[in-house]
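A.B. asks: Just so it is clear, I am handing over query-v4.tsv, which has TSV, C-alpha atoms.
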chain	number	residue	atom	x	y	z
A	16	MET	CA	-4.27	10.07	-1.50
A	17	LEU	CA	-4.50	7.29	-4.04
A	18	THR	CA	-7.76	5.32	-4.01
A	19	LEU	CA	-8.13	1.71	-5.10
A	20	LYS	CA	-11.19	-0.53	-5.30
A	21	LEU	CA	-10.28	-3.65	-3.32
A	22	TYR	CA	-11.85	-6.75	-1.88
A	23	PRO	CA	-11.01	-7.40	1.79
A	24	ILE	CA	-8.68	-10.23	0.74
A	25	ASP	CA	-6.65	-7.73	-1.33
A	26	VAL	CA	-5.99	-5.61	1.76
A	27	LEU	CA	-5.02	-8.65	3.80
A	28	VAL	CA	-2.69	-9.80	0.99
A	29	MET	CA	-1.04	-6.35	0.96
A	30	ILE	CA	-0.47	-6.37	4.72
A	31	GLY	CA	0.78	-9.97	4.61
A	32	TYR	CA	3.23	-8.99	1.87
A	33	LEU	CA	4.50	-6.02	3.89
A	34	ARG	CA	4.90	-8.08	7.06
A	35	ALA	CA	6.79	-10.84	5.26
A	36	ASN	CA	9.10	-8.56	3.29
A	37	LEU	CA	9.81	-6.05	6.04
A	38	ASN	CA	10.39	-8.65	8.74
A	39	GLY	CA	13.60	-7.77	10.58
A	40	GLN	CA	14.03	-4.39	8.89
A	41	ASP	CA	13.52	-2.60	12.23
A	42	GLN	CA	16.93	-3.93	13.32
A	43	VAL	CA	18.74	-2.66	10.21
A	44	PRO	CA	20.69	0.56	10.85
A	45	LEU	CA	19.09	3.65	9.32
A	46	VAL	CA	22.10	4.26	7.08
A	47	HIS	CA	21.42	0.94	5.32
A	48	LYS	CA	17.66	1.38	4.80
A	49	SER	CA	16.26	2.63	1.52
A	50	VAL	CA	13.71	5.43	1.48
A	51	ASN	CA	11.14	2.93	0.18
A	52	THR	CA	11.79	0.65	3.14
A	53	LEU	CA	11.38	3.54	5.58
A	54	VAL	CA	8.11	4.60	3.95
A	55	LEU	CA	6.72	1.06	3.99
A	56	LEU	CA	7.82	0.40	7.59
A	57	ASN	CA	6.07	3.55	8.79
A	58	TYR	CA	2.94	2.63	6.84
A	59	LEU	CA	2.91	-0.91	8.23
A	60	LYS	CA	3.21	0.45	11.78
A	61	SER	CA	-0.01	2.42	11.20
A	62	TRP	CA	-1.93	-0.85	10.79
A	63	LYS	CA	-3.28	-1.85	14.18
A	64	THR	CA	-4.82	-5.22	15.01
A	65	LEU	CA	-8.35	-3.77	15.17
A	66	LYS	CA	-7.97	-2.32	11.69
A	67	MET	CA	-6.95	-5.75	10.38
A	68	ILE	CA	-9.89	-7.43	12.14
A	69	SER	CA	-12.23	-4.83	10.67
A	70	TRP	CA	-11.06	-5.58	7.13
A	71	SER	CA	-11.20	-9.34	7.67
A	72	GLN	CA	-14.83	-9.14	8.79
A	73	ARG	CA	-16.10	-7.24	5.75
A	74	ARG	CA	-18.14	-8.94	3.05
A	75	ALA	CA	-15.71	-10.92	0.90
A	76	ASP	CA	-17.70	-10.41	-2.32
A	77	LYS	CA	-17.87	-6.61	-2.14
A	78	LEU	CA	-15.40	-4.04	-3.45
A	79	TYR	CA	-14.44	-1.26	-1.04
A	80	SER	CA	-12.64	2.03	-1.54
A	81	PHE	CA	-9.18	1.89	-0.04
A	82	SER	CA	-6.95	4.96	0.17
A	83	MET	CA	-3.24	5.21	0.77
A	84	PRO	CA	-0.76	8.07	0.47
A	85	GLU	CA	0.77	8.40	-2.99
A	86	VAL	CA	4.29	7.94	-1.61
A	87	VAL	CA	3.26	4.64	0.02
A	88	ALA	CA	1.59	3.44	-3.17
A	89	LYS	CA	4.69	4.20	-5.24
A	90	ALA	CA	7.08	2.65	-2.69
A	91	LEU	CA	4.94	-0.49	-2.47
A	92	TYR	CA	4.65	-0.70	-6.25
A	93	LEU	CA	8.43	-0.46	-6.76
A	94	ASP	CA	9.08	-2.97	-3.99
A	95	MET	CA	6.63	-5.51	-5.39
A	96	LEU	CA	8.05	-5.18	-8.91
A	97	SER	CA	11.38	-6.54	-7.70
A	98	MET	CA	9.92	-9.60	-5.93
A	99	VAL	CA	8.60	-13.01	-6.88
A	100	LEU	CA	4.89	-12.75	-6.09
A	101	THR	CA	2.07	-15.17	-5.38
A	102	SER	CA	-0.98	-15.06	-7.65
A	103	HIS	CA	-2.93	-13.02	-5.07
A	104	GLN	CA	-0.04	-10.57	-4.76
A	105	GLN	CA	0.14	-10.27	-8.56
A	106	LEU	CA	-3.57	-9.44	-8.66
A	107	PHE	CA	-3.07	-6.77	-6.00
A	108	LEU	CA	-0.06	-5.37	-7.89
A	109	GLY	CA	-2.21	-5.15	-11.03
A	110	LYS	CA	-4.83	-3.12	-9.16
A	111	LEU	CA	-2.12	-0.90	-7.68
A	112	ASP	CA	-0.56	-0.42	-11.12
A	113	HIS	CA	-3.95	0.53	-12.58
A	114	ALA	CA	-4.55	3.07	-9.80
A	115	ILE	CA	-1.10	4.64	-10.22
A	116	VAL	CA	-1.36	4.86	-14.02
A	117	ASN	CA	-4.80	6.48	-13.80
A	118	TYR	CA	-3.98	8.76	-10.86
A	119	GLN	CA	-4.57	12.44	-11.43
A	120	ILE	CA	-3.18	15.11	-9.17
A	121	PRO	CA	-6.08	16.92	-7.48
A	122	ILE	CA	-6.56	20.39	-8.95
A	123	THR	CA	-5.99	21.97	-5.52
A	124	GLN	CA	-2.47	20.51	-5.47
A	125	MET	CA	-1.65	21.69	-8.98
A	126	TYR	CA	-2.32	25.33	-8.20
A	127	ASN	CA	-2.02	27.26	-4.99
A	128	ILE	CA	-5.72	28.01	-4.73
A	129	GLY	CA	-6.52	30.64	-2.18
A	130	GLU	CA	-3.04	32.10	-1.98
Would you mind writing the file's structure down as structure tokens?

C.D. replies:
Amino acid sequence: MLTLKLYPIDVLVMIGYLRANLNGQDQVPLVHKSVNTLVLLNYLKSWKTLKMISWSQRRADKLYSFSMPEVVAKALYLDMLSMVLTSHQQLFLGKLDHAIVNYQIPITQMYNIGE
């Protein structure tokens, strides 16, 4: 998992971006969907209304740890790089970029410990 330090607004901006850019992609035949689109669609489906409400009710001036699978982070990063972004989306992309650049593979994934 990749962990970012985000304000609640950052999470809401990310979900808003995904909803806007993936709108209608469920109707596209599988053969025409990119792997990134499939990854992001599945991730967006994991966000339930209660999860969104929970994030929107957090203190706006506090940073929170936010984790997402590495594959989702990379797919989102590549998708956002190819789009015209709002200032809030650009700030989120900067935080995502920083987390990806500084990501280190956990030692347990580098070696088969215990085998």

A.B. asks: List the residues sitting within 12 Å of (15.6, 4.3, -2.0) in the file's frame, using only C-alpha atoms, as a PyMOL selection string.

C.D. replies: chain A and resi 45-55+86+89-91+93-94

A.B. asks: Please measure the separation of CA of Trp70 (chain A) and CA of Gln119 (chain A), giving the value in Å to one decimal.

C.D. replies: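 Separation between CA of Trp70 (chain A) and CA of Gln119 (chain A): 26.7 Å.
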
A.B. asks: Out of A:Tyr58, A:Arg73, A:Leu108, A:Met83, which residue has the shortest atom-to-atom distance to Leu33 (chain A) when counting all atoms listed in the file?

C.D. replies: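 Using all atoms listed in the file, Leu33 (chain A) sits closest to A:Tyr58.
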
A.B. asks: Separation of CA of Asn38 (chain A) and CA of Tyr79 (chain A), in Å?

C.D. replies: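 The value is 27.7 Å.
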
A.B. asks: Work out how far apart CA of Lys77 (chain A) and CA of His113 (chain A) are and give it in Å to one decimal.

C.D. replies: 18.8 Å

A.B. asks: Which residue out of A:Gln42, A:Phe107, A:Val116, A:Thr18 has the minimum interatomic distance to Ile30 (chain A) when all atoms listed in the file are used?

C.D. replies: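 Checking each candidate against Ile30 (chain A), we get A:Phe107 as the closest.
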
A.B. asks: Determine the nearest neighbour of Ser69 (chain A) from the options A:Gly39, A:Lys20, A:Leu27, A:Ser102, counting all atoms listed in the file.

C.D. replies: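 Closest to Ser69 (chain A), using all atoms listed in the file: A:Leu27.
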
A.B. asks: In terms of the shortest atom-to-atom distance over all atoms listed in the file, which of A:Phe81, A:Tyr32, A:Trp62, A:Tyr118 is closest to Met95 (chain A)?

C.D. replies: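 Comparing A:Phe81, A:Tyr32, A:Trp62, A:Tyr118 against Met95 (chain A), the winner is A:Tyr32.
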
A.B. asks: Counting only C-alpha atoms, which of A:Tyr22, A:Leu17, A:Asn36, A:Lys60 gets nearest to Asn117 (chain A)?

C.D. replies: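 Using only C-alpha atoms, the shortest distance to Asn117 (chain A) belongs to A:Leu17.
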
A.B. asks: Choose the residue, out of A:Leu56, A:Met29, A:Leu21, A:Ile120, that has the smallest atom-to-atom separation from Thr101 (chain A); count all atoms listed in the file.

C.D. replies: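 Answer, going by the shortest atom-to-atom distance: A:Met29.
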
A.B. asks: Assuming the input is short of atoms at region 90-124 of chain A, produce N, CA and C atoms for that part as a PDB file, in the coordinates of the input.

C.D. replies:
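Result file rebuild01.pdb:
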ATOM      1  N   ALA A  90       6.051   3.468  -3.344  1.00  0.00           N
ATOM      2  CA  ALA A  90       7.080   2.650  -2.690  1.00  0.00           C
ATOM      3  C   ALA A  90       6.685   1.171  -2.718  1.00  0.00           C
ATOM      4  N   LEU A  91       5.423   0.884  -2.452  1.00  0.00           N
ATOM      5  CA  LEU A  91       4.940  -0.490  -2.470  1.00  0.00           C
ATOM      6  C   LEU A  91       5.013  -1.069  -3.882  1.00  0.00           C
ATOM      7  N   TYR A  92       4.619  -0.275  -4.848  1.00  0.00           N
ATOM      8  CA  TYR A  92       4.650  -0.700  -6.250  1.00  0.00           C
ATOM      9  C   TYR A  92       6.081  -1.074  -6.667  1.00  0.00           C
ATOM     10  N   LEU A  93       7.033  -0.203  -6.388  1.00  0.00           N
ATOM     11  CA  LEU A  93       8.430  -0.460  -6.760  1.00  0.00           C
ATOM     12  C   LEU A  93       8.989  -1.678  -6.025  1.00  0.00           C
ATOM     13  N   ASP A  94       8.617  -1.830  -4.764  1.00  0.00           N
ATOM     14  CA  ASP A  94       9.080  -2.970  -3.990  1.00  0.00           C
ATOM     15  C   ASP A  94       8.536  -4.274  -4.557  1.00  0.00           C
ATOM     16  N   MET A  95       7.259  -4.289  -4.882  1.00  0.00           N
ATOM     17  CA  MET A  95       6.630  -5.510  -5.390  1.00  0.00           C
ATOM     18  C   MET A  95       7.152  -5.885  -6.777  1.00  0.00           C
ATOM     19  N   LEU A  96       7.526  -4.892  -7.573  1.00  0.00           N
ATOM     20  CA  LEU A  96       8.050  -5.180  -8.910  1.00  0.00           C
ATOM     21  C   LEU A  96       9.336  -5.997  -8.868  1.00  0.00           C
ATOM     22  N   SER A  97      10.082  -5.863  -7.786  1.00  0.00           N
ATOM     23  CA  SER A  97      11.380  -6.540  -7.700  1.00  0.00           C
ATOM     24  C   SER A  97      11.299  -7.898  -6.999  1.00  0.00           C
ATOM     25  N   MET A  98      10.094  -8.351  -6.678  1.00  0.00           N
ATOM     26  CA  MET A  98       9.920  -9.600  -5.930  1.00  0.00           C
ATOM     27  C   MET A  98       9.209 -10.667  -6.746  1.00  0.00           C
ATOM     28  N   VAL A  99       9.394 -11.906  -6.344  1.00  0.00           N
ATOM     29  CA  VAL A  99       8.600 -13.010  -6.880  1.00  0.00           C
ATOM     30  C   VAL A  99       7.306 -13.014  -6.070  1.00  0.00           C
ATOM     31  N   LEU A 100       6.175 -12.923  -6.762  1.00  0.00           N
ATOM     32  CA  LEU A 100       4.890 -12.750  -6.090  1.00  0.00           C
ATOM     33  C   LEU A 100       3.984 -13.961  -6.256  1.00  0.00           C
ATOM     34  N   THR A 101       3.113 -14.152  -5.270  1.00  0.00           N
ATOM     35  CA  THR A 101       2.070 -15.170  -5.380  1.00  0.00           C
ATOM     36  C   THR A 101       1.011 -14.645  -6.354  1.00  0.00           C
ATOM     37  N   SER A 102       0.079 -15.497  -6.725  1.00  0.00           N
ATOM     38  CA  SER A 102      -0.980 -15.060  -7.650  1.00  0.00           C
ATOM     39  C   SER A 102      -1.837 -13.965  -7.031  1.00  0.00           C
ATOM     40  N   HIS A 103      -2.144 -14.065  -5.733  1.00  0.00           N
ATOM     41  CA  HIS A 103      -2.930 -13.020  -5.070  1.00  0.00           C
ATOM     42  C   HIS A 103      -2.157 -11.693  -5.038  1.00  0.00           C
ATOM     43  N   GLN A 104      -0.860 -11.772  -4.774  1.00  0.00           N
ATOM     44  CA  GLN A 104      -0.040 -10.570  -4.760  1.00  0.00           C
ATOM     45  C   GLN A 104       0.048  -9.946  -6.142  1.00  0.00           C
ATOM     46  N   GLN A 105       0.121 -10.780  -7.182  1.00  0.00           N
ATOM     47  CA  GLN A 105       0.140 -10.270  -8.560  1.00  0.00           C
ATOM     48  C   GLN A 105      -1.161  -9.556  -8.892  1.00  0.00           C
ATOM     49  N   LEU A 106      -2.281 -10.096  -8.436  1.00  0.00           N
ATOM     50  CA  LEU A 106      -3.570  -9.440  -8.660  1.00  0.00           C
ATOM     51  C   LEU A 106      -3.614  -8.081  -7.965  1.00  0.00           C
ATOM     52  N   PHE A 107      -3.118  -8.045  -6.722  1.00  0.00           N
ATOM     53  CA  PHE A 107      -3.070  -6.770  -6.000  1.00  0.00           C
ATOM     54  C   PHE A 107      -2.163  -5.783  -6.732  1.00  0.00           C
ATOM     55  N   LEU A 108      -0.988  -6.245  -7.168  1.00  0.00           N
ATOM     56  CA  LEU A 108      -0.060  -5.370  -7.890  1.00  0.00           C
ATOM     57  C   LEU A 108      -0.715  -4.820  -9.156  1.00  0.00           C
ATOM     58  N   GLY A 109      -1.496  -5.627  -9.845  1.00  0.00           N
ATOM     59  CA  GLY A 109      -2.210  -5.150 -11.030  1.00  0.00           C
ATOM     60  C   GLY A 109      -3.183  -4.037 -10.698  1.00  0.00           C
ATOM     61  N   LYS A 110      -3.889  -4.168  -9.586  1.00  0.00           N
ATOM     62  CA  LYS A 110      -4.830  -3.120  -9.160  1.00  0.00           C
ATOM     63  C   LYS A 110      -4.071  -1.856  -8.757  1.00  0.00           C
ATOM     64  N   LEU A 111      -2.944  -2.038  -8.080  1.00  0.00           N
ATOM     65  CA  LEU A 111      -2.120  -0.900  -7.680  1.00  0.00           C
ATOM     66  C   LEU A 111      -1.556  -0.199  -8.909  1.00  0.00           C
ATOM     67  N   ASP A 112      -1.075  -0.967  -9.869  1.00  0.00           N
ATOM     68  CA  ASP A 112      -0.560  -0.420 -11.120  1.00  0.00           C
ATOM     69  C   ASP A 112      -1.634   0.395 -11.831  1.00  0.00           C
ATOM     70  N   HIS A 113      -2.831  -0.151 -11.916  1.00  0.00           N
ATOM     71  CA  HIS A 113      -3.950   0.530 -12.580  1.00  0.00           C
ATOM     72  C   HIS A 113      -4.255   1.866 -11.877  1.00  0.00           C
ATOM     73  N   ALA A 114      -4.259   1.853 -10.550  1.00  0.00           N
ATOM     74  CA  ALA A 114      -4.550   3.070  -9.800  1.00  0.00           C
ATOM     75  C   ALA A 114      -3.459   4.124  -9.992  1.00  0.00           C
ATOM     76  N   ILE A 115      -2.204   3.692 -10.032  1.00  0.00           N
ATOM     77  CA  ILE A 115      -1.100   4.640 -10.220  1.00  0.00           C
ATOM     78  C   ILE A 115      -1.125   5.227 -11.624  1.00  0.00           C
ATOM     79  N   VAL A 116      -1.329   4.387 -12.623  1.00  0.00           N
ATOM     80  CA  VAL A 116      -1.360   4.860 -14.020  1.00  0.00           C
ATOM     81  C   VAL A 116      -2.492   5.852 -14.230  1.00  0.00           C
ATOM     82  N   ASN A 117      -3.628   5.623 -13.605  1.00  0.00           N
ATOM     83  CA  ASN A 117      -4.800   6.480 -13.800  1.00  0.00           C
ATOM     84  C   ASN A 117      -4.911   7.606 -12.783  1.00  0.00           C
ATOM     85  N   TYR A 118      -3.934   7.728 -11.899  1.00  0.00           N
ATOM     86  CA  TYR A 118      -3.980   8.760 -10.860  1.00  0.00           C
ATOM     87  C   TYR A 118      -3.833  10.141 -11.475  1.00  0.00           C
ATOM     88  N   GLN A 119      -4.671  11.044 -11.012  1.00  0.00           N
ATOM     89  CA  GLN A 119      -4.570  12.440 -11.430  1.00  0.00           C
ATOM     90  C   GLN A 119      -4.389  13.298 -10.198  1.00  0.00           C
ATOM     91  N   ILE A 120      -3.441  14.211 -10.284  1.00  0.00           N
ATOM     92  CA  ILE A 120      -3.180  15.110  -9.170  1.00  0.00           C
ATOM     93  C   ILE A 120      -4.415  15.987  -8.966  1.00  0.00           C
ATOM     94  N   PRO A 121      -4.934  16.050  -7.724  1.00  0.00           N
ATOM     95  CA  PRO A 121      -6.080  16.920  -7.480  1.00  0.00           C
ATOM     96  C   PRO A 121      -5.766  18.358  -7.873  1.00  0.00           C
ATOM     97  N   ILE A 122      -6.738  19.023  -8.450  1.00  0.00           N
ATOM     98  CA  ILE A 122      -6.560  20.390  -8.950  1.00  0.00           C
ATOM     99  C   ILE A 122      -6.046  21.331  -7.860  1.00  0.00           C
ATOM    100  N   THR A 123      -6.437  21.099  -6.611  1.00  0.00           N
ATOM    101  CA  THR A 123      -5.990  21.970  -5.520  1.00  0.00           C
ATOM    102  C   THR A 123      -4.501  21.817  -5.245  1.00  0.00           C
ATOM    103  N   GLN A 124      -3.905  20.690  -5.642  1.00  0.00           N
ATOM    104  CA  GLN A 124      -2.470  20.510  -5.470  1.00  0.00           C
ATOM    105  C   GLN A 124      -1.682  21.064  -6.647  1.00  0.00           C
TER     106      GLN A 124
END
